[in-house]
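Engineer: I'd like to ask you about the structure that follows.
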Amino acid sequence: MTRYVLRRLLGAVPLVLGIATIIFFVVNLAPGDPTVYMMTPGMSSEVVEQLRVNYGLDQPVHVRYVKWVAAMLTGDFGYSFSYSRPVLDVLLDFLPNTLILSACALALAFLVGIVLGTIQAVKQYSGLDSTLSVVLLFFYSMPSFWLALMLILMFSLMARNVWGWPIYFPASGITSTDYDFLSSGAQIVDRGRHLFLPAMSLALVLAAGIARYMRGSMLEVIRQDFVRTARAKGLPERSVVFKHALRNALIPVITLVGLYIPVLFSGTVFIELIFAWPGMGRAIVEAITQRDYPLVMAASFFFAIMVVLANLLADVLYAVVDPRIRYE
Amino acid sequence: MKKLFAFGLVGLAAACGGDEAGGPVSFSDPFCDDVIPRVQTWVAEQREANPVPDDPRYGGTAVLGSIGEIAQGLNVASSSDYSSVQHQMFVGLMTLIDYDEDIQPRPYLAESWEVSEDGTELTFRLRDDVYWHDGERTDAEDVAFTYRMVTNPETAFPNAAFWDYYVRGPEGVEVLDEFTVRVHLQPHSEFLNAWSTVAILPEHLLGDVAPTEIAQHPYGTVCPVGNGPFVFASHAPQDRWVFEANPGFPEGLGGRPFLDRYIYRVIPEPTTLLTELLTENIDVYLAPSPDQAARILDAEHLELHSFLFRNYVMVAWNGRRPQLADARVRRALTMGTNRQEIVEAILQGYGSVAHTSVPPFHWAFDPDIDGLQHDPEGAAALLEQAGWVDRDGDGVRENAVGDRLSISVKYNQGNQIRQDIAEIMQAQLAGIGVEIQPQVVEWGTLLQQINTPDLRDFDGVVMGWVTEFRLDDTDLFHSGRIDEPYAWAGTENPELDRLLDRLAVETDRDVAAPLWEEYQEALIEEQPYTFFYFSERLDAWNRRVHDVVMDQRGEWVNVREWYIDPGSR
């Protein structure tokens with residue numbers, strides 16, 4: 001197993017470098033460069049040229065590529081044009097916000113998906129099953145940015161201004177503006193309130209899919225001989241479902257974790273925009289429009305690594321939960 | 001295995017409620033590590049020395065929401081974007097002069113100024129009670145340093161046109177004594193304008209920075225040290241800027257601002273911004289779109305304010321293209337478009353039709369000017385005169401050799417208003433036999449296509465300009481600048497050249513006014529652009545914030561006088 005993981009990790013190195021190379025050339029060959037955003041009337045061509053020199057853009061692309069790779073291998077990702085700071089520092093500002101949002105959304109999605117899928121399988125063909133199927137299909141077919149706007153409308157605007165609920169959820173940001181003056185307990189509540197809507201927007205759509213998988217997997221397991229045996233032994237239904245069936249039904253669902261992580265990252269771009277969540281998705285889109293080459297490169301590099309790792313995680317999880325699968 | 005999985009879920013759930021990650025990671029930079037504690041010490045001392053006056057207006061936090069970052073922060077040397085420049089002028093830093101309600105210069109950091117008889121020497125006398133937020137006094141060396149920095153070509157200061165008539169570089173400025181500084185210039189109109197926009201930078205902190213590196217210095221957005229009414233407290237990128245009242249702001253300028261804190265939040269989605277304003281999570285919504293106005297007017301706790309802004313939207317016609325080289329064709333395109341309808345439909349009336357680049361509130365504006373009116377028949381006649389006739393009956397005019405009058409109009413992706421304009425033009429001009437093809441292009445790509453002198457890959461492009469108070473269209477329409485980035489129209493008109501040359505150096509408004517009238521007429525005749533409108537800028541705020549003034553000078557012009565209703569803090 002360890003050998004397998006090591007081999008996969010080594011194999012990922014050329015893959016990630018290849019991705020980085022392709023992104024480097026695509027980004028650098030796109031029309032325009034950072035200086036077009038800084039130009040104003042009265043700026044002569046010489047000034048623009050001077051700007052290019054100041055930003056190191058006067059050198060040909062292949063020279064910049066070699067320099068970039070050499071610097072990156074020593075851990076130096078360069079300087080962000082738009083944030084006037086080292087790229088790594090910029091990433092460290094944004095990355096934790098994205099990770100916390102994605103992790104919560106993922107946890108929420110699996111929790112809701114597994115619970116609902118199990119209920120549906122146990123109560124197959126009941127009214128509850130059909131209702132949940134319709135509701136889940138509703139969320140599954142909804143684009144997450146639309147869901148996000150609807151959640152804002154209901155849980156923020158209507159909840160506070162129309163229905164007067166005692167608790168409502170703020171529509172933007174990660175903390176309130178008076179966060180620094182709150183007690184630490186209130187700070188956690190504050191963060192939770194800000195996290196709720198964006199995490200729900202991401203999670204509900206994913207949960208709908210997971211519930212479908214879970215329902216199918218559970219139905220398959222519930223018909224197997226060992227479950228029938230358990231029932232024949234006279235075990236209570238609760239114990240049959242949760243102790244015997246659920247364990248085995250979870251196997252294919254768990255491996256979805258690895259597959260959903262990349263999906264989640266692309267989903268966060270819209271969600272971060274709508275909820276003004278200062279995360280990687282927004283940083284990278286902003287960096288692309290401003291042709292902040294170093295930041296685009298570093299951010300996509302990190303995303304590439306995460307996707308590769310997520311895929312590896314999916315494969316490893318598969319072997320971990322299913323003893324029949326062996327990697328040599 | 002089940003245990004491991006369950007543990008994983010619990011772990012994640014704990015992290016969700018937890019407090020470890022998120023928020024700005026503390027950033028270590030030698031420059032910032034050095035200045036931040038000094039600023040904290042000074043602010044604490046000043047709080048001690050200047051207790052908050054006994055007046056209910058002092059206190060509270062105002063939160064402003066906007067779709068974009070303060071991109072360059074307080075880095076004067078690299079800024080041209082509106083939010084950055086405004087925060088430099090009115091929040092964190094100080095300009096030598098500012099403008100009153102009638103756009104007349106008045107003392108700010110400079111308590112007085114003098115121009116020599118021949119108009120070549122401008123001497124400023126600075127206040128002696130303005131301190132940088134780390135405790136150093138602001139003096140003439142700071143002014144001289146800033147001047148040398150922004151006029152040095154290596155800095156690549158974006159608004160270089162400010163210094164067109166100044167003697168650039170070290171020879172252009174001399175320090176006469178600690179608080180007196182003199183700059184050298186050629187006589188020209190509105191010579192003071194640059195000093196109302198370009199704020200002064202601290203020489204003692206940035207004096208050693210090479211001009212080529214100033215744009216990337218952490219001073220701008222990581223740890224700016226100002227001397228203005230608000231002290232920079234923190235900045236989380238793409239999230240918020242926090243400023244605190246400067247307890248040591250000179251008494252002569254009103255002393256400490258009323259607000260304890262002023263927070264700028266970045267919220268990129270307009271719908272979210274509106275929600276946050278309605279739910280009172282932000283106090284000020286900067287520049288809501290006209291289609292949100294009705295919603296804001298409905299809310300009793302909100303105030304909607306509008307003022308005619310210095311910004312106009314137009315279609316620039318590339319006169320280098322054969323079908324657009326004739327001014328009659330360009331006039332016909334304008335006359336064939338119902339611009340009043342566009343203002344009504346797209347801006348919900350929040351704007352006024354523009355005929356030239358001179359804003360209606362400016363002294364140079366000629367109120368008697370007629371401009372081109374919506375007149376499809378007249379437009380058709382002009383096209384006929386110019387030789388464009390529908391010869392094959394397909395509904396689109398051709399010239400004598402059979403080229404169709406087909407014009408592409410580009411606009412930048414994601415700008416709904418500009419897309420609407422291109423599409424309305426397409427529909428209206430089809431009626432007079434002109435085929436308009438709207439074409440969407442990504443912003444950076446579009447800028448490159450239209451700004452690169454040997455490319456100019458466009459027929460027409462929907463764009464907008466924000467004018468300065470010192471009007472100068474030389475870069476746009478003077479034939480001498482035809483190979484510079486902004487000569488989109490490629491105008492070569494001796495009459496316009498002559499007027500632009502005169503207007504740039506005419507110092508007497510009484511002499512300049514009739515010249516401006518001539519200029520506006522010549523511009524209408526030439527029609528390098530189809531001018532659409534000067535938009536009214538909208539701003540909305542919660543009525544708990546009092547004494548907010550927002551006008552042509554900007555949204556932050558009196559931020560130091562805003563105060564929060566004591567009952568609603």
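By convention in this document, the chains of the structure tokens carry letters A, B, ... by their order, each chain's residues are numbered from 1, and ligands are numbered from 1 in the order they are shown.
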Got a sec to tell me which of segment 209-417 of chain B DSSP assigns to strand (DSSP E), as JSON, numbers by chain?
Structural biologist: {"B": [230, 231, 232, 233, 234, 235, 236, 240, 241, 242, 243, 244, 245, 261, 262, 263, 264, 265, 266, 284, 285, 286, 302, 303, 304, 305, 306, 307, 308, 309, 310, 311, 312, 313, 314, 315, 316, 317, 351, 352, 353, 406, 407, 408, 409, 410, 411, 412]}
Engineer: Store the residues picked out above in a file with N, CA and C atoms, as a compact mmCIF listing (two decimals), in the first residue's frame.
Structural biologist:
# COMPACT_ATOMS: atom_id res chain seq x y z
N PHE B 230 -8.11 59.51 8.81
CA PHE B 230 -8.28 58.13 9.31
C PHE B 230 -6.95 57.39 9.27
N VAL B 231 -6.73 56.56 10.29
CA VAL B 231 -5.52 55.77 10.40
C VAL B 231 -5.82 54.36 9.89
N PHE B 232 -4.97 53.85 9.02
CA PHE B 232 -5.14 52.50 8.54
C PHE B 232 -5.01 51.51 9.69
N ALA B 233 -5.98 50.59 9.84
CA ALA B 233 -5.90 49.61 10.92
C ALA B 233 -5.65 48.21 10.39
N SER B 234 -6.39 47.77 9.38
CA SER B 234 -6.12 46.44 8.84
C SER B 234 -6.75 46.30 7.46
N HIS B 235 -6.26 45.32 6.72
CA HIS B 235 -6.77 45.05 5.38
C HIS B 235 -6.74 43.55 5.15
N ALA B 236 -7.91 42.93 4.93
CA ALA B 236 -7.98 41.54 4.52
C ALA B 236 -8.36 41.55 3.05
N ARG B 240 -12.11 43.27 3.47
CA ARG B 240 -12.38 44.57 4.08
C ARG B 240 -11.13 45.36 4.40
N TRP B 241 -11.32 46.67 4.48
CA TRP B 241 -10.31 47.60 5.00
C TRP B 241 -10.91 48.22 6.25
N VAL B 242 -10.11 48.33 7.28
CA VAL B 242 -10.59 48.98 8.49
C VAL B 242 -9.74 50.22 8.75
N PHE B 243 -10.39 51.36 8.91
CA PHE B 243 -9.70 52.61 9.25
C PHE B 243 -10.26 53.11 10.58
N GLU B 244 -9.37 53.71 11.40
CA GLU B 244 -9.81 54.27 12.68
C GLU B 244 -9.61 55.78 12.67
N ALA B 245 -10.42 56.45 13.47
CA ALA B 245 -10.29 57.91 13.55
C ALA B 245 -8.88 58.30 13.98
N ARG B 261 -14.75 54.31 13.66
CA ARG B 261 -14.16 53.46 12.63
C ARG B 261 -14.93 53.62 11.33
N TYR B 262 -14.19 53.53 10.26
CA TYR B 262 -14.79 53.51 8.93
C TYR B 262 -14.30 52.23 8.25
N ILE B 263 -15.25 51.40 7.81
CA ILE B 263 -14.88 50.10 7.22
C ILE B 263 -15.34 50.05 5.78
N TYR B 264 -14.46 49.60 4.91
CA TYR B 264 -14.76 49.44 3.49
C TYR B 264 -14.85 47.96 3.22
N ARG B 265 -16.00 47.48 2.77
CA ARG B 265 -16.14 46.05 2.50
C ARG B 265 -16.27 45.78 1.02
N VAL B 266 -15.65 44.70 0.56
CA VAL B 266 -15.72 44.30 -0.84
C VAL B 266 -16.77 43.21 -0.97
N VAL B 284 -23.58 52.06 3.82
CA VAL B 284 -23.52 52.80 2.56
C VAL B 284 -23.30 51.80 1.44
N TYR B 285 -24.10 51.91 0.39
CA TYR B 285 -23.93 51.06 -0.79
C TYR B 285 -23.44 51.99 -1.89
N LEU B 286 -22.19 51.76 -2.29
CA LEU B 286 -21.57 52.61 -3.28
C LEU B 286 -22.06 52.24 -4.68
N LEU B 302 -33.76 53.92 4.23
CA LEU B 302 -32.66 54.19 3.31
C LEU B 302 -32.85 55.50 2.57
N GLU B 303 -31.73 56.09 2.22
CA GLU B 303 -31.70 57.33 1.46
C GLU B 303 -31.04 57.03 0.13
N LEU B 304 -31.67 57.45 -0.97
CA LEU B 304 -31.03 57.28 -2.27
C LEU B 304 -30.64 58.66 -2.77
N HIS B 305 -29.39 58.79 -3.15
CA HIS B 305 -28.87 60.08 -3.55
C HIS B 305 -28.28 59.95 -4.94
N SER B 306 -28.50 60.96 -5.78
CA SER B 306 -27.89 60.88 -7.10
C SER B 306 -27.24 62.21 -7.44
N PHE B 307 -26.16 62.15 -8.18
CA PHE B 307 -25.55 63.38 -8.67
C PHE B 307 -24.96 63.10 -10.05
N LEU B 308 -24.96 64.14 -10.86
CA LEU B 308 -24.43 64.00 -12.21
C LEU B 308 -22.93 63.80 -12.11
N PHE B 309 -22.49 62.71 -12.66
CA PHE B 309 -21.10 62.33 -12.45
C PHE B 309 -20.24 62.80 -13.61
N ARG B 310 -18.93 62.73 -13.40
CA ARG B 310 -17.99 63.18 -14.43
C ARG B 310 -17.76 62.10 -15.47
N ASN B 311 -18.66 61.13 -15.55
CA ASN B 311 -18.35 60.02 -16.43
C ASN B 311 -19.32 59.94 -17.59
N TYR B 312 -18.80 59.77 -18.77
CA TYR B 312 -19.69 59.62 -19.92
C TYR B 312 -19.44 58.30 -20.63
N VAL B 313 -20.50 57.81 -21.26
CA VAL B 313 -20.43 56.56 -22.00
C VAL B 313 -20.61 56.90 -23.47
N MET B 314 -19.80 56.27 -24.31
CA MET B 314 -19.86 56.61 -25.73
C MET B 314 -19.48 55.40 -26.57
N VAL B 315 -19.72 55.52 -27.89
CA VAL B 315 -19.14 54.55 -28.81
C VAL B 315 -18.05 55.30 -29.55
N ALA B 316 -16.82 54.81 -29.48
CA ALA B 316 -15.72 55.42 -30.23
C ALA B 316 -15.69 54.76 -31.60
N TRP B 317 -15.66 55.60 -32.64
CA TRP B 317 -15.62 55.08 -34.01
C TRP B 317 -14.20 55.12 -34.52
N GLY B 351 -29.59 59.92 -15.80
CA GLY B 351 -28.50 60.35 -16.66
C GLY B 351 -29.00 61.44 -17.56
N SER B 352 -28.08 62.09 -18.30
CA SER B 352 -28.53 63.07 -19.27
C SER B 352 -27.73 62.89 -20.54
N VAL B 353 -28.42 63.07 -21.67
CA VAL B 353 -27.79 62.82 -22.97
C VAL B 353 -26.56 63.71 -23.13
N SER B 406 -21.47 47.79 -42.93
CA SER B 406 -21.59 46.86 -41.82
C SER B 406 -20.49 47.17 -40.82
N ILE B 407 -20.88 47.41 -39.58
CA ILE B 407 -19.95 47.91 -38.57
C ILE B 407 -20.06 47.05 -37.32
N SER B 408 -18.94 46.54 -36.84
CA SER B 408 -19.00 45.78 -35.59
C SER B 408 -18.82 46.74 -34.42
N VAL B 409 -19.57 46.51 -33.36
CA VAL B 409 -19.43 47.33 -32.16
C VAL B 409 -19.06 46.40 -31.02
N LYS B 410 -17.86 46.61 -30.47
CA LYS B 410 -17.39 45.73 -29.40
C LYS B 410 -17.73 46.29 -28.03
N TYR B 411 -17.90 45.42 -27.08
CA TYR B 411 -18.09 45.85 -25.69
C TYR B 411 -17.48 44.79 -24.79
N ASN B 412 -17.22 45.16 -23.54
CA ASN B 412 -16.54 44.20 -22.68
C ASN B 412 -17.52 43.26 -22.00
Engineer: Apply DSSP to the structure's backbone, then extract all residues of segment 66-295 of chain B labelled alpha helix (DSSP H) and return them as a PyMOL selection string.
Structural biologist: chain B and resi 82-87+140-151+193-197+203-206+270-278+293-295
Engineer: Write the residues of the selection above to a file with N, CA and C atoms, as a JSON list (two decimals), in the first residue's frame.
Structural biologist:
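Saved result, part.json, follows:
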[["chain", "number", "residue", "atom", "x", "y", "z"],
["B", 82, "TYR", "N", -10.45, 54.72, -9.25],
["B", 82, "TYR", "CA", -11.25, 55.68, -8.49],
["B", 82, "TYR", "C", -11.19, 55.46, -6.98],
["B", 83, "SER", "N", -11.45, 54.23, -6.53],
["B", 83, "SER", "CA", -11.50, 53.99, -5.09],
["B", 83, "SER", "C", -10.17, 54.30, -4.42],
["B", 84, "SER", "N", -9.08, 53.87, -5.05],
["B", 84, "SER", "CA", -7.77, 54.12, -4.44],
["B", 84, "SER", "C", -7.52, 55.61, -4.32],
["B", 85, "VAL", "N", -7.73, 56.34, -5.42],
["B", 85, "VAL", "CA", -7.43, 57.77, -5.40],
["B", 85, "VAL", "C", -8.31, 58.48, -4.37],
["B", 86, "GLN", "N", -9.58, 58.12, -4.30],
["B", 86, "GLN", "CA", -10.47, 58.75, -3.33],
["B", 86, "GLN", "C", -10.01, 58.50, -1.89],
["B", 87, "HIS", "N", -9.58, 57.28, -1.60],
["B", 87, "HIS", "CA", -9.12, 57.00, -0.24],
["B", 87, "HIS", "C", -7.82, 57.72, 0.08],
["B", 140, "ALA", "N", 7.92, 69.90, 3.95],
["B", 140, "ALA", "CA", 8.17, 70.19, 2.54],
["B", 140, "ALA", "C", 8.95, 69.07, 1.86],
["B", 141, "GLU", "N", 9.80, 68.36, 2.62],
["B", 141, "GLU", "CA", 10.56, 67.27, 2.03],
["B", 141, "GLU", "C", 9.62, 66.18, 1.48],
["B", 142, "ASP", "N", 8.51, 65.96, 2.19],
["B", 142, "ASP", "CA", 7.56, 64.95, 1.72],
["B", 142, "ASP", "C", 6.96, 65.35, 0.37],
["B", 143, "VAL", "N", 6.64, 66.64, 0.26],
["B", 143, "VAL", "CA", 6.06, 67.13, -0.99],
["B", 143, "VAL", "C", 7.07, 66.98, -2.13],
["B", 144, "ALA", "N", 8.31, 67.41, -1.85],
["B", 144, "ALA", "CA", 9.35, 67.34, -2.88],
["B", 144, "ALA", "C", 9.59, 65.88, -3.28],
["B", 145, "PHE", "N", 9.63, 65.01, -2.28],
["B", 145, "PHE", "CA", 9.85, 63.59, -2.57],
["B", 145, "PHE", "C", 8.73, 63.04, -3.45],
["B", 146, "THR", "N", 7.48, 63.34, -3.07],
["B", 146, "THR", "CA", 6.34, 62.83, -3.84],
["B", 146, "THR", "C", 6.41, 63.35, -5.27],
["B", 147, "TYR", "N", 6.74, 64.64, -5.41],
["B", 147, "TYR", "CA", 6.82, 65.24, -6.74],
["B", 147, "TYR", "C", 7.88, 64.54, -7.59],
["B", 148, "ARG", "N", 9.05, 64.34, -6.99],
["B", 148, "ARG", "CA", 10.12, 63.68, -7.74],
["B", 148, "ARG", "C", 9.71, 62.27, -8.12],
["B", 149, "MET", "N", 9.04, 61.58, -7.19],
["B", 149, "MET", "CA", 8.64, 60.21, -7.45],
["B", 149, "MET", "C", 7.63, 60.13, -8.60],
["B", 150, "VAL", "N", 6.58, 60.94, -8.55],
["B", 150, "VAL", "CA", 5.52, 60.79, -9.56],
["B", 150, "VAL", "C", 5.90, 61.40, -10.90],
["B", 151, "THR", "N", 6.92, 62.25, -10.93],
["B", 151, "THR", "CA", 7.31, 62.80, -12.24],
["B", 151, "THR", "C", 8.49, 62.04, -12.83],
["B", 193, "ASN", "N", -5.04, 71.61, -10.43],
["B", 193, "ASN", "CA", -5.83, 70.38, -10.37],
["B", 193, "ASN", "C", -5.05, 69.18, -9.86],
["B", 194, "ALA", "N", -3.82, 69.00, -10.36],
["B", 194, "ALA", "CA", -3.05, 67.82, -9.96],
["B", 194, "ALA", "C", -2.91, 67.77, -8.44],
["B", 195, "TRP", "N", -2.75, 68.92, -7.81],
["B", 195, "TRP", "CA", -2.50, 68.96, -6.36],
["B", 195, "TRP", "C", -3.74, 68.65, -5.54],
["B", 196, "SER", "N", -4.90, 68.62, -6.19],
["B", 196, "SER", "CA", -6.11, 68.23, -5.46],
["B", 196, "SER", "C", -6.34, 66.73, -5.54],
["B", 197, "THR", "N", -5.54, 66.04, -6.36],
["B", 197, "THR", "CA", -5.77, 64.62, -6.60],
["B", 197, "THR", "C", -4.59, 63.77, -6.14],
["B", 203, "GLU", "N", 8.16, 60.77, 2.97],
["B", 203, "GLU", "CA", 9.53, 60.65, 2.51],
["B", 203, "GLU", "C", 10.36, 59.81, 3.48],
["B", 204, "HIS", "N", 10.09, 59.96, 4.79],
["B", 204, "HIS", "CA", 10.94, 59.26, 5.77],
["B", 204, "HIS", "C", 10.75, 57.75, 5.69],
["B", 205, "LEU", "N", 9.65, 57.28, 5.10],
["B", 205, "LEU", "CA", 9.43, 55.83, 5.00],
["B", 205, "LEU", "C", 9.77, 55.29, 3.62],
["B", 206, "LEU", "N", 9.54, 56.09, 2.59],
["B", 206, "LEU", "CA", 9.68, 55.58, 1.23],
["B", 206, "LEU", "C", 10.85, 56.20, 0.48],
["B", 270, "PRO", "N", -23.82, 42.49, -6.84],
["B", 270, "PRO", "CA", -24.74, 43.59, -6.52],
["B", 270, "PRO", "C", -25.98, 43.15, -5.74],
["B", 271, "THR", "N", -26.52, 41.98, -6.04],
["B", 271, "THR", "CA", -27.71, 41.52, -5.31],
["B", 271, "THR", "C", -27.39, 41.34, -3.83],
["B", 272, "THR", "N", -26.21, 40.79, -3.56],
["B", 272, "THR", "CA", -25.80, 40.61, -2.17],
["B", 272, "THR", "C", -25.62, 41.96, -1.49],
["B", 273, "LEU", "N", -25.01, 42.90, -2.21],
["B", 273, "LEU", "CA", -24.81, 44.24, -1.66],
["B", 273, "LEU", "C", -26.14, 44.87, -1.26],
["B", 274, "LEU", "N", -27.11, 44.75, -2.16],
["B", 274, "LEU", "CA", -28.42, 45.33, -1.87],
["B", 274, "LEU", "C", -29.03, 44.67, -0.63],
["B", 275, "THR", "N", -28.92, 43.34, -0.56],
["B", 275, "THR", "CA", -29.45, 42.63, 0.61],
["B", 275, "THR", "C", -28.79, 43.13, 1.88],
["B", 276, "GLU", "N", -27.48, 43.29, 1.84],
["B", 276, "GLU", "CA", -26.76, 43.72, 3.04],
["B", 276, "GLU", "C", -27.15, 45.14, 3.44],
["B", 277, "LEU", "N", -27.48, 45.97, 2.46],
["B", 277, "LEU", "CA", -27.94, 47.32, 2.78],
["B", 277, "LEU", "C", -29.34, 47.26, 3.41],
["B", 278, "LEU", "N", -30.20, 46.44, 2.83],
["B", 278, "LEU", "CA", -31.57, 46.33, 3.34],
["B", 278, "LEU", "C", -31.60, 45.70, 4.73],
["B", 293, "ALA", "N", -32.69, 51.00, -7.94],
["B", 293, "ALA", "CA", -33.10, 52.25, -7.30],
["B", 293, "ALA", "C", -34.49, 52.14, -6.68],
["B", 294, "ALA", "N", -35.44, 51.52, -7.41],
["B", 294, "ALA", "CA", -36.81, 51.45, -6.92],
["B", 294, "ALA", "C", -36.87, 50.72, -5.58],
["B", 295, "ARG", "N", -36.10, 49.65, -5.49],
["B", 295, "ARG", "CA", -36.06, 48.84, -4.28],
["B", 295, "ARG", "C", -35.55, 49.65, -3.09]]
Engineer: Can you pull out every residue within 12 Å of Arg160 of chain A, counting only C-alpha atoms, but drop anything in the same chain fewer than 3 positions away, and send it as a ChimeraX atom specification?
Structural biologist: /A:152-157,163-171 /B:275-276,278-281
Engineer: Taking only C-alpha atoms into account, name the residue in A:Val307, A:Ala159, A:Leu137, A:Ile274 that is nearest to chain B.
Structural biologist: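 Using only C-alpha atoms, the shortest distance to chain B belongs to A:Ile274.
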Engineer: Of the candidates A:Ser184, A:Asn311, A:Gln224, A:Thr2, which shows the shortest atom-to-atom distance to chain B, using only C-alpha atoms?
Structural biologist: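 Counting only C-alpha atoms, the residue closest to chain B is A:Ser184.
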Engineer: To one decimal in Å, tell me the separation between atom CA of Val135 of chain A and atom CA of Ala148 of chain A.
Structural biologist: 16.6 Å
Engineer: Report, in Å to a single decimal, how far apart atom CA of Pro56 of chain B and atom CA of Asp565 of chain B are.
Structural biologist: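 Result for atom CA of Asp565 of chain B versus atom CA of Pro56 of chain B: 8.5 Å, one decimal.
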Engineer: Name all residues at most 12 Å from segment 102-112 of chain B (count only C-alpha atoms; drop same-chain ones fewer than 3 positions away) and give them as a ChimeraX atom specification.
Structural biologist: /B:89-90,93-99,115,122-131,137-140,142-143,179-182,190-200,227-229,249-250,252-254,361-363,468-470,551-554,557
Engineer: Could you check how far atom CA of Asp54 of chain B sits from atom CA of Gly255 of chain B, in Å to one decimal?
Structural biologist: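 Interatomic distance, atom CA of Asp54 of chain B to atom CA of Gly255 of chain B: 13.2 Å.
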Engineer: Taking a cut-off of 8 Å and counting only C-alpha atoms, can you build a table that, for each residue of segment 81-141 of chain A near segment 289-299 of chain A, reports the nearest atom pair and how far apart they are in Å (one decimal), sorted by chain then residue number, as a Markdown table?
Structural biologist:
| residue | atom | partner | partner_atom | distance |
| --- | --- | --- | --- | --- |
| A:Phe81 | CA | A:Asp292 | CA | 5.5 |
| A:Ser82 | CA | A:Asp292 | CA | 6.2 |
| A:Val87 | CA | A:Leu295 | CA | 5.8 |
| A:Leu88 | CA | A:Ala298 | CA | 7.9 |
| A:Leu91 | CA | A:Ala299 | CA | 7.2 |
Engineer: Just C-alpha atoms for this one: save the residues we selected as a compact mmCIF listing (two decimals), in the first residue's frame.
Structural biologist:
# COMPACT_ATOMS: atom_id res chain seq x y z
CA PHE A 81 1.28 42.21 -9.32
CA SER A 82 -2.15 43.03 -8.03
CA VAL A 87 2.34 35.18 -3.93
CA LEU A 88 2.67 32.65 -1.11
CA LEU A 91 -2.37 32.37 -1.06
Engineer: List as an MDAnalysis selection string the protein and nucleic acid residues near Thr445 of chain B, meaning an atom at most 9 Å away when only C-alpha atoms are counted, but skip any in the same chain fewer than 2 places from it.
Structural biologist: (chainID A and resid 30:33) or (chainID B and resid 412 441:443 447:450)
Engineer: List the neighbours of Leu333 of chain B out to 10 Å using only C-alpha atoms; skip same-chain residues closer than 6 positions along the sequence, and give me the result as a PyMOL selection string.
Structural biologist: chain B and resi 317+324+327+374+376+379-380+382-383+425+428-429+432+434+527+529-530
Engineer: From the options A:Val63, A:Val69, A:Ala319, A:Met214, which residue's atoms come nearest to chain B, counting only C-alpha atoms?
Structural biologist: A:Ala319
Engineer: Which of these residues is nearest to Ile284 of chain A, using only C-alpha atoms: A:Val66, A:Val36, A:Ala107, A:Val90?
Structural biologist: A:Val90
